[in-house]
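Asks: For reference, this is coords_18.txt, and it has compact mmCIF, C-alpha atoms.
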# COMPACT_ATOMS: atom_id res chain seq x y z
CA MET A 8 19.59 -23.87 56.89
CA PRO A 9 16.59 -22.24 55.15
CA SER A 10 17.96 -22.88 51.67
CA LEU A 11 18.36 -26.61 52.30
CA ALA A 12 14.88 -26.83 53.75
CA ALA A 13 13.45 -24.97 50.78
CA ASN A 14 15.26 -27.25 48.34
CA LYS A 15 14.00 -30.31 50.18
CA LYS A 16 10.44 -29.08 50.07
CA ALA A 17 10.71 -28.18 46.40
CA GLY A 18 12.06 -31.66 45.66
CA THR A 19 9.22 -33.25 47.59
CA VAL A 20 6.63 -31.21 45.70
CA THR A 21 8.23 -32.01 42.35
CA ALA A 22 8.42 -35.72 43.08
CA GLY A 23 4.82 -35.73 44.24
CA LEU A 24 3.55 -33.95 41.16
CA ALA A 25 5.55 -36.26 38.88
CA ALA A 26 4.19 -39.31 40.65
CA LEU A 27 0.66 -37.98 40.40
CA LEU A 28 1.06 -37.41 36.67
CA ILE A 29 2.38 -40.93 36.22
CA VAL A 30 -0.59 -42.42 38.04
CA VAL A 31 -3.12 -40.31 36.16
CA GLY A 32 -1.45 -40.85 32.79
CA THR A 33 -0.95 -44.60 33.01
CA GLY A 34 -4.08 -45.53 34.93
CA ALA A 35 -2.17 -48.17 36.86
CA ASP A 36 -3.63 -50.44 39.50
CA ALA A 37 -3.85 -48.76 42.91
CA ARG A 38 -2.56 -51.93 44.64
CA HIS A 39 0.73 -51.91 42.77
CA PRO A 40 3.76 -50.93 44.94
CA ALA A 41 4.82 -48.21 42.51
CA VAL A 42 1.35 -46.73 42.57
CA GLU A 43 1.28 -46.79 46.37
CA TRP A 44 4.62 -44.97 46.45
CA ALA A 45 3.28 -42.42 43.97
CA ASN A 46 0.20 -41.87 46.14
CA ARG A 47 2.35 -41.29 49.21
CA GLN A 48 4.53 -38.81 47.36
CA ALA A 49 1.49 -36.97 46.04
CA ARG A 50 -0.07 -36.72 49.52
CA ALA A 51 3.23 -35.49 50.96
CA ALA A 52 3.50 -32.85 48.23
CA LEU A 53 -0.03 -31.60 48.85
CA HIS A 54 0.61 -31.50 52.60
CA SER A 55 3.83 -29.50 52.09
CA ALA A 56 2.08 -27.07 49.76
CA ALA A 57 -0.77 -26.56 52.26
CA ALA A 58 1.68 -25.98 55.12
CA PHE A 59 3.68 -23.50 53.04
CA TYR A 60 0.50 -21.62 52.15
CA ALA A 61 -0.61 -21.47 55.78
CA ARG A 62 2.62 -19.97 57.14
CA THR A 63 3.29 -17.60 54.21
CA PRO A 64 2.15 -13.97 54.57
CA ALA A 65 -0.52 -12.67 52.24
CA ASP A 66 1.83 -10.56 50.08
CA GLU A 67 4.20 -13.50 49.53
CA ARG A 68 1.24 -15.69 48.61
CA VAL A 69 0.44 -13.29 45.80
CA THR A 70 4.05 -13.31 44.63
CA TRP A 71 4.47 -17.07 44.69
CA GLY A 72 1.04 -17.53 43.19
CA GLY A 73 2.02 -15.29 40.27
CA LEU A 74 5.26 -17.19 39.76
CA ALA A 75 3.40 -20.50 39.90
CA ALA A 76 0.88 -19.24 37.34
CA CYS A 77 3.72 -18.14 35.04
CA ALA A 78 5.40 -21.52 35.40
CA VAL A 79 2.21 -23.46 34.66
CA LEU A 80 1.38 -21.22 31.70
CA GLY A 81 4.88 -21.46 30.28
CA LEU A 82 4.96 -25.22 30.68
CA GLY A 83 1.59 -25.58 29.00
CA VAL A 84 2.56 -23.34 26.07
CA GLY A 85 5.91 -25.08 25.63
CA VAL A 86 4.41 -28.58 25.60
CA GLU A 87 1.54 -27.57 23.31
CA ARG A 88 3.80 -25.78 20.81
CA ALA A 89 6.35 -28.58 20.84
CA PHE A 90 3.55 -30.98 19.93
CA ARG A 91 2.11 -28.72 17.24
CA LEU A 92 5.47 -27.91 15.67
CA ARG A 93 6.49 -31.49 15.06
CA TRP A 94 8.03 -31.94 11.63
CA SER A 95 5.85 -34.96 10.86
CA ARG A 96 2.73 -32.90 11.57
CA VAL A 97 3.60 -29.83 9.50
CA VAL A 98 5.18 -31.70 6.57
CA PRO A 99 3.95 -35.32 6.82
CA LYS A 100 5.72 -38.11 4.99
CA SER A 101 2.57 -38.80 2.99
CA TYR A 102 3.17 -35.49 1.20
CA SER A 103 6.95 -35.13 1.18
CA GLY A 104 7.42 -38.61 -0.26
CA ARG A 105 5.95 -40.00 -3.44
CA PHE A 106 3.13 -37.48 -3.82
CA HIS A 107 5.37 -34.41 -4.03
CA GLU A 108 7.71 -36.08 -6.48
CA ARG A 109 4.88 -37.13 -8.78
CA PHE A 110 3.25 -33.72 -8.45
CA VAL A 111 6.42 -31.84 -9.41
CA GLU A 112 7.05 -34.21 -12.32
CA GLY A 113 3.59 -33.44 -13.73
CA LYS A 114 2.20 -36.96 -13.26
CA LEU A 115 -0.86 -35.76 -11.33
CA ASP A 116 -3.73 -33.74 -12.67
CA ARG A 117 -5.85 -31.20 -10.84
CA GLY A 118 -8.43 -33.69 -9.62
CA LYS A 119 -5.95 -36.08 -8.01
CA ALA A 120 -3.99 -33.28 -6.36
CA LEU A 121 -7.20 -31.70 -5.07
CA ASP A 122 -8.44 -34.98 -3.61
CA PHE A 123 -5.14 -35.69 -1.85
CA CYS A 124 -4.85 -32.22 -0.30
CA GLU A 125 -8.44 -32.27 0.95
CA LEU A 126 -8.23 -35.80 2.38
CA ASN A 127 -4.84 -35.23 4.09
CA PRO A 128 -5.10 -31.90 5.93
CA SER A 129 -1.82 -30.44 7.15
CA PRO A 130 -0.09 -27.03 6.91
CA ILE A 131 1.77 -27.95 3.72
CA THR A 132 -1.29 -29.44 2.01
CA ARG A 133 -3.35 -26.35 2.87
CA VAL A 134 -0.68 -24.16 1.30
CA VAL A 135 -0.55 -26.28 -1.86
CA LEU A 136 -4.36 -26.53 -1.93
CA ALA A 137 -4.60 -22.75 -2.34
CA ALA A 138 -2.65 -23.05 -5.61
CA VAL A 139 -4.37 -26.23 -6.80
CA ARG A 140 -7.80 -24.62 -6.51
CA ARG A 141 -6.59 -21.87 -8.87
CA TRP A 142 -5.27 -24.36 -11.40
CA GLY A 143 -5.54 -22.89 -14.90
CA ARG A 144 -5.59 -19.26 -13.82
CA PRO A 145 -2.77 -16.78 -14.45
CA VAL A 146 0.43 -17.21 -12.48
CA SER A 147 -0.21 -13.99 -10.56
CA ASP A 148 -3.41 -15.48 -9.12
CA LEU A 149 -1.52 -18.63 -8.11
CA GLU A 150 1.19 -16.61 -6.38
CA ARG A 151 -1.34 -14.47 -4.54
CA GLY A 152 -3.30 -17.46 -3.27
CA LEU A 153 -0.11 -19.28 -2.25
CA ALA A 154 1.22 -16.25 -0.36
CA LEU A 155 -2.03 -15.78 1.57
CA ALA A 156 -2.22 -19.45 2.56
CA ARG A 157 1.45 -19.46 3.59
CA GLN A 158 0.97 -16.42 5.82
CA VAL A 159 -2.04 -17.99 7.50
CA GLU A 160 -0.14 -21.20 8.25
CA ILE A 161 2.91 -19.36 9.59
CA ASP A 162 0.67 -17.32 11.90
CA ARG A 163 -0.78 -20.57 13.17
CA LEU A 164 2.68 -21.96 13.82
CA ARG A 165 3.69 -18.85 15.76
CA ARG A 166 0.53 -18.83 17.87
CA ASN A 167 1.18 -18.51 21.65
CA VAL A 168 4.97 -18.65 21.20
CA GLY A 169 5.21 -14.98 22.19
CA THR A 170 3.68 -15.88 25.57
CA LEU A 171 7.03 -17.36 26.58
CA ARG A 172 8.76 -14.05 25.91
CA ARG A 173 6.16 -12.21 27.99
CA ILE A 174 6.70 -14.67 30.83
CA ALA A 175 10.44 -14.03 30.59
CA VAL A 176 9.78 -10.32 31.15
CA LEU A 177 7.06 -10.68 33.77
CA ALA A 178 8.53 -13.39 36.03
CA PRO A 179 11.61 -11.40 37.22
CA LEU A 180 9.40 -8.39 37.97
CA ILE A 181 7.06 -10.51 40.08
CA GLY A 182 10.04 -12.02 41.87
CA LEU A 183 11.53 -8.58 42.47
CA LEU A 184 8.23 -7.36 43.90
CA GLY A 185 8.11 -10.30 46.27
CA THR A 186 11.72 -9.71 47.33
CA LEU A 187 11.07 -6.04 48.08
CA MET A 188 7.96 -6.80 50.11
CA ALA A 189 9.73 -9.55 52.08
CA ALA A 190 12.72 -7.29 52.75
CA HIS A 191 10.46 -4.48 53.90
CA ARG A 192 8.61 -6.74 56.28
CA GLY A 193 11.87 -8.21 57.63
CA LEU A 194 13.43 -4.80 58.23
CA LEU A 195 10.40 -3.70 60.21
CA ALA A 196 10.38 -6.85 62.37
CA PRO A 197 12.16 -6.23 65.69
CA GLY A 198 15.16 -8.41 66.47
CA GLU A 199 15.28 -10.14 63.05
CA ALA A 200 18.69 -11.27 61.87
CA VAL A 201 19.72 -9.61 58.63
CA ALA A 202 21.32 -12.60 56.88
CA PRO A 203 18.37 -15.02 57.19
CA MET A 204 15.97 -12.23 56.24
CA VAL A 205 17.92 -11.38 53.09
CA ALA A 206 18.15 -15.07 52.14
CA ARG A 207 14.39 -15.51 52.47
CA SER A 208 13.59 -12.32 50.59
CA LEU A 209 15.84 -13.24 47.64
CA ALA A 210 14.07 -16.57 47.09
CA ALA A 211 11.27 -15.02 45.01
CA LEU A 212 13.68 -13.04 42.84
CA THR A 213 15.82 -16.11 42.26
CA ALA A 214 12.80 -18.13 41.22
CA GLY A 215 11.62 -15.37 38.86
CA VAL A 216 15.01 -15.04 37.16
CA GLY A 217 15.32 -18.82 36.77
CA LEU A 218 11.84 -18.99 35.25
CA ALA A 219 12.73 -16.17 32.85
CA ILE A 220 15.85 -18.00 31.69
CA LEU A 221 13.92 -21.18 31.00
CA SER A 222 11.22 -19.24 29.15
CA LEU A 223 13.77 -17.49 26.93
CA VAL A 224 15.48 -20.77 26.08
CA ALA A 225 12.13 -22.34 25.16
CA TYR A 226 11.14 -19.26 23.14
CA ASP A 227 14.35 -19.26 21.10
CA GLY A 228 14.07 -22.99 20.43
CA LEU A 229 10.46 -22.78 19.28
CA MET A 230 11.05 -19.71 17.11
CA GLY A 231 13.99 -21.44 15.45
CA ARG A 232 11.75 -24.38 14.63
CA VAL A 233 9.06 -22.05 13.29
CA GLU A 234 11.55 -20.36 10.96
CA ALA A 235 12.80 -23.71 9.68
CA LEU A 236 9.26 -24.90 9.02
CA ALA A 237 8.39 -21.61 7.29
CA SER A 238 11.36 -22.02 4.95
CA THR A 239 10.20 -25.54 4.11
CA LEU A 240 6.68 -24.32 3.38
CA ASP A 241 8.12 -21.67 1.06
CA ARG A 242 10.27 -24.17 -0.83
CA LEU A 243 7.60 -26.84 -1.27
CA GLY A 244 4.96 -24.24 -2.15
CA ALA A 245 7.22 -22.69 -4.80
CA GLU A 246 7.91 -26.12 -6.31
CA ALA A 247 4.18 -26.87 -6.44
CA LEU A 248 3.53 -23.48 -8.05
CA ASP A 249 6.16 -24.11 -10.73
CA ALA A 250 4.70 -27.56 -11.41
CA ILE A 251 1.22 -26.13 -11.90
CA ALA A 252 2.49 -23.30 -14.11
CA MET A 253 4.65 -25.61 -16.25
CA HIS A 254 2.00 -28.26 -16.85
CA THR A 255 -0.98 -25.99 -17.43
CA PRO A 256 -1.85 -25.82 -21.17
CA ILE A 257 -1.49 -22.36 -22.68
CA GLU A 258 -4.43 -21.04 -24.69
CA PRO A 259 -3.50 -20.45 -28.36
CA ARG A 260 -3.22 -16.83 -29.41
CA PRO A 261 -4.88 -15.60 -32.64
CA SER A 262 -2.58 -15.37 -35.66
CA SER A 263 -1.28 -12.03 -36.86
CA ALA A 264 -3.20 -12.22 -40.15
CA GLY A 265 -6.45 -12.96 -38.35
CA ALA A 266 -5.82 -10.13 -35.92
CA THR A 267 -5.10 -7.71 -38.77
CA HIS A 268 -8.29 -8.74 -40.59
CA ALA A 269 -10.30 -8.29 -37.41
CA ARG A 270 -8.90 -4.80 -36.85
CA ALA A 271 -9.58 -3.83 -40.46
CA SER A 272 -13.18 -5.01 -40.19
CA LYS A 273 -13.62 -3.01 -37.02
CA VAL A 274 -12.25 0.12 -38.68
CA ARG A 275 -14.55 -0.29 -41.68
CA ALA A 276 -17.51 -0.74 -39.41
CA GLU A 277 -16.73 2.48 -37.57
CA LEU A 278 -16.36 4.59 -40.77
CA PRO A 279 -19.42 6.72 -41.69
CA SER A 280 -21.44 5.64 -44.72
CA HIS A 281 -21.09 7.82 -47.90
CA ARG A 282 -24.05 9.22 -49.74
CA PRO A 283 -24.48 8.23 -53.39
CA LEU A 284 -23.08 10.65 -55.89
CA PRO A 285 -25.55 12.86 -57.74
CA HIS A 286 -26.16 12.65 -61.48
CA SER A 287 -26.27 8.88 -61.74
CA GLY A 288 -24.27 7.54 -64.63
CA MET A 289 -21.66 10.28 -64.52
CA SER A 290 -18.16 9.90 -63.26
CA ARG A 291 -16.76 12.11 -60.53
CA SER A 292 -14.71 14.08 -63.08
CA GLU A 293 -17.84 14.77 -65.19
CA ILE A 294 -19.84 16.36 -62.38
CA PRO A 295 -20.27 20.05 -63.22
CA LEU A 296 -18.94 22.49 -60.69
CA GLU A 297 -21.25 25.23 -59.47
CA ALA A 298 -20.38 28.71 -60.43
CA ASP A 299 -19.02 31.00 -57.78
Can I see the file as structure tokens?
Replies:
Amino acid sequence: MPSLAANKKAGTVTAGLAALLIVVGTGADARHPAVEWANRQARAALHSAAAFYARTPADERVTWGGLAACAVLGLGVGVERAFRLRWSRVVPKSYSGRFHERFVEGKLDRGKALDFCELNPSPITRVVLAAVRRWGRPVSDLERGLALARQVEIDRLRRNVGTLRRIAVLAPLIGLLGTLMAAHRGLLAPGEAVAPMVARSLAALTAGVGLAILSLVAYDGLMGRVEALASTLDRLGAEALDAIAMHTPIEPRPSSAGATHARASKVRAELPSHRPLPHSGMSRSEIPLEAD
């Protein structure tokens, strides 16, 4: 049956690729029995792929090539994002342990916190570093710097995750295109049985839908992890901001008496100077009035 043959070939290709990755990744001795088996599986997979390419029409090559590109791209993005979104990488234990506790308790000054954040780069330390560099400024400046750094780090965490959603939309369309082209070619072929033709034409659509399902599952899982990490960055950044604001000395304000004296001096300085009274030696009441 065509489906069994296709499954057998797909299993051979998968086993060959897995064996090739094992050999390349481990760098094992070529004379080892396991390595010899891996080499045979890899050669068989390459031979099956070459034979499939030779007997496949040009339009189906484009379809399967597009599906293969989507699969490779999705796998690469999923592995890369899963590595980048590790909890120990975004919020390392070196920060979440003793350092954060001492920092929140006010046992670290600006210099020590600055040195630690610069020598231990990570998303959380870069967020906290934005507030530490503004140590001593008004709280509004601290909040603005913290918000900007947080947004930059969250954008970095979300990078390329949307590619999985695009693959989930594109893969079924590519599979549908391949199915339509294969069905059209089969209907035009004289004497072709309908059932085998339909089974072969639906293979591309089935592969595209399966790839879309896997991409959506990976996308939802990675976005859930991004949201959890973003919440942690918000919480730890807010705690660091409170610690800086609470342990920053407040400049003394001038007293009310001093402020009143300063205002009075300013008012006197702004008043116009008065000319001396005429008729020196006479009081204001003794100055004669001019006749009308």
Asks: List the neighbours of range 184-189 of chain A out to 9 Å using only C-alpha atoms; skip same-chain residues closer than 4 positions along the sequence, and give me the result as a VMD selection string.
Replies: chain A and resid 66 to 67 69 to 71 179 to 180 193 to 194 204 to 205 207 to 212
Asks: Which residue is closest to Ser222 in chain A? Choose from A:Thr239, A:Ser55, A:Ser129, A:Thr170 and count only C-alpha atoms.
Replies: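 Closest to Ser222 in chain A, using only C-alpha atoms: A:Thr170.
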Asks: Work out how far apart CA of Tyr226 in chain A and CA of Leu82 in chain A are and give it in Å to one decimal.
Replies: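 So the two atoms, CA of Tyr226 in chain A and CA of Leu82 in chain A, lie 11.4 Å apart.
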Asks: I'd like to know which of A:Lys100, A:Arg192, A:Arg157, A:Arg173 is closest to Ile220 in chain A, using only C-alpha atoms.
Replies: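 The shortest atom-to-atom distance to Ile220 in chain A comes from A:Arg173.
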Asks: With 12 Å as the threshold, what does the neighbourhood of (0.6, -25.0, -11.2) contain in terms of residues, counting only C-alpha atoms? Coordinates are those of the file; answer as a PyMOL selection string.
Replies: chain A and resi 110-113+115-117+120-121+135-150+152-153+244-257
Asks: Please write the residues from the selection above to a file, keeping C-alpha atoms, as a PDB file, in the frame of the given file.
Replies:
ATOM      1  CA  PHE A 110       3.250 -33.720  -8.450  1.00  0.00           C
ATOM      2  CA  VAL A 111       6.420 -31.840  -9.410  1.00  0.00           C
ATOM      3  CA  GLU A 112       7.050 -34.210 -12.320  1.00  0.00           C
ATOM      4  CA  GLY A 113       3.590 -33.440 -13.730  1.00  0.00           C
ATOM      5  CA  LEU A 115      -0.860 -35.760 -11.330  1.00  0.00           C
ATOM      6  CA  ASP A 116      -3.730 -33.740 -12.670  1.00  0.00           C
ATOM      7  CA  ARG A 117      -5.850 -31.200 -10.840  1.00  0.00           C
ATOM      8  CA  ALA A 120      -3.990 -33.280  -6.360  1.00  0.00           C
ATOM      9  CA  LEU A 121      -7.200 -31.700  -5.070  1.00  0.00           C
ATOM     10  CA  VAL A 135      -0.550 -26.280  -1.860  1.00  0.00           C
ATOM     11  CA  LEU A 136      -4.360 -26.530  -1.930  1.00  0.00           C
ATOM     12  CA  ALA A 137      -4.600 -22.750  -2.340  1.00  0.00           C
ATOM     13  CA  ALA A 138      -2.650 -23.050  -5.610  1.00  0.00           C
ATOM     14  CA  VAL A 139      -4.370 -26.230  -6.800  1.00  0.00           C
ATOM     15  CA  ARG A 140      -7.800 -24.620  -6.510  1.00  0.00           C
ATOM     16  CA  ARG A 141      -6.590 -21.870  -8.870  1.00  0.00           C
ATOM     17  CA  TRP A 142      -5.270 -24.360 -11.400  1.00  0.00           C
ATOM     18  CA  GLY A 143      -5.540 -22.890 -14.900  1.00  0.00           C
ATOM     19  CA  ARG A 144      -5.590 -19.260 -13.820  1.00  0.00           C
ATOM     20  CA  PRO A 145      -2.770 -16.780 -14.450  1.00  0.00           C
ATOM     21  CA  VAL A 146       0.430 -17.210 -12.480  1.00  0.00           C
ATOM     22  CA  SER A 147      -0.210 -13.990 -10.560  1.00  0.00           C
ATOM     23  CA  ASP A 148      -3.410 -15.480  -9.120  1.00  0.00           C
ATOM     24  CA  LEU A 149      -1.520 -18.630  -8.110  1.00  0.00           C
ATOM     25  CA  GLU A 150       1.190 -16.610  -6.380  1.00  0.00           C
ATOM     26  CA  GLY A 152      -3.300 -17.460  -3.270  1.00  0.00           C
ATOM     27  CA  LEU A 153      -0.110 -19.280  -2.250  1.00  0.00           C
ATOM     28  CA  GLY A 244       4.960 -24.240  -2.150  1.00  0.00           C
ATOM     29  CA  ALA A 245       7.220 -22.690  -4.800  1.00  0.00           C
ATOM     30  CA  GLU A 246       7.910 -26.120  -6.310  1.00  0.00           C
ATOM     31  CA  ALA A 247       4.180 -26.870  -6.440  1.00  0.00           C
ATOM     32  CA  LEU A 248       3.530 -23.480  -8.050  1.00  0.00           C
ATOM     33  CA  ASP A 249       6.160 -24.110 -10.730  1.00  0.00           C
ATOM     34  CA  ALA A 250       4.700 -27.560 -11.410  1.00  0.00           C
ATOM     35  CA  ILE A 251       1.220 -26.130 -11.900  1.00  0.00           C
ATOM     36  CA  ALA A 252       2.490 -23.300 -14.110  1.00  0.00           C
ATOM     37  CA  MET A 253       4.650 -25.610 -16.250  1.00  0.00           C
ATOM     38  CA  HIS A 254       2.000 -28.260 -16.850  1.00  0.00           C
ATOM     39  CA  THR A 255      -0.980 -25.990 -17.430  1.00  0.00           C
ATOM     40  CA  PRO A 256      -1.850 -25.820 -21.170  1.00  0.00           C
ATOM     41  CA  ILE A 257      -1.490 -22.360 -22.680  1.00  0.00           C
TER      42      ILE A 257
END
Asks: Between CA of Asp162 in chain A and CA of Val84 in chain A, measure the distance and give it in Å to one decimal.
Replies: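 Computed distance, CA of Asp162 in chain A to CA of Val84 in chain A, equals 15.5 Å.
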Asks: Between CA of Gly73 in chain A and CA of Val86 in chain A, what is the spacing in Å?
Replies: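 Spanning CA of Val86 in chain A to CA of Gly73 in chain A is a straight-line distance of 19.9 Å.
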Asks: For a quick check of understanding, using all atoms listed in the file, which of A:Leu240, A:Leu223, A:Ala196, A:Val97 has the smallest distance to Arg172 in chain A?
Replies: A:Leu223
Asks: Give the answer as one residue: which of A:Ala225, A:Ala156, A:Leu164, A:Leu243 has the shortest atom-to-atom distance to Gly83 in chain A, using only C-alpha atoms?
Replies: A:Ala225
Asks: Which one of A:Ala56, A:Arg50, A:Ile131, A:Val216 sits closest to Gly72 in chain A if you count all atoms listed in the file?
Replies: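 Nearest candidate to Gly72 in chain A out of A:Ala56, A:Arg50, A:Ile131, A:Val216: A:Ala56.
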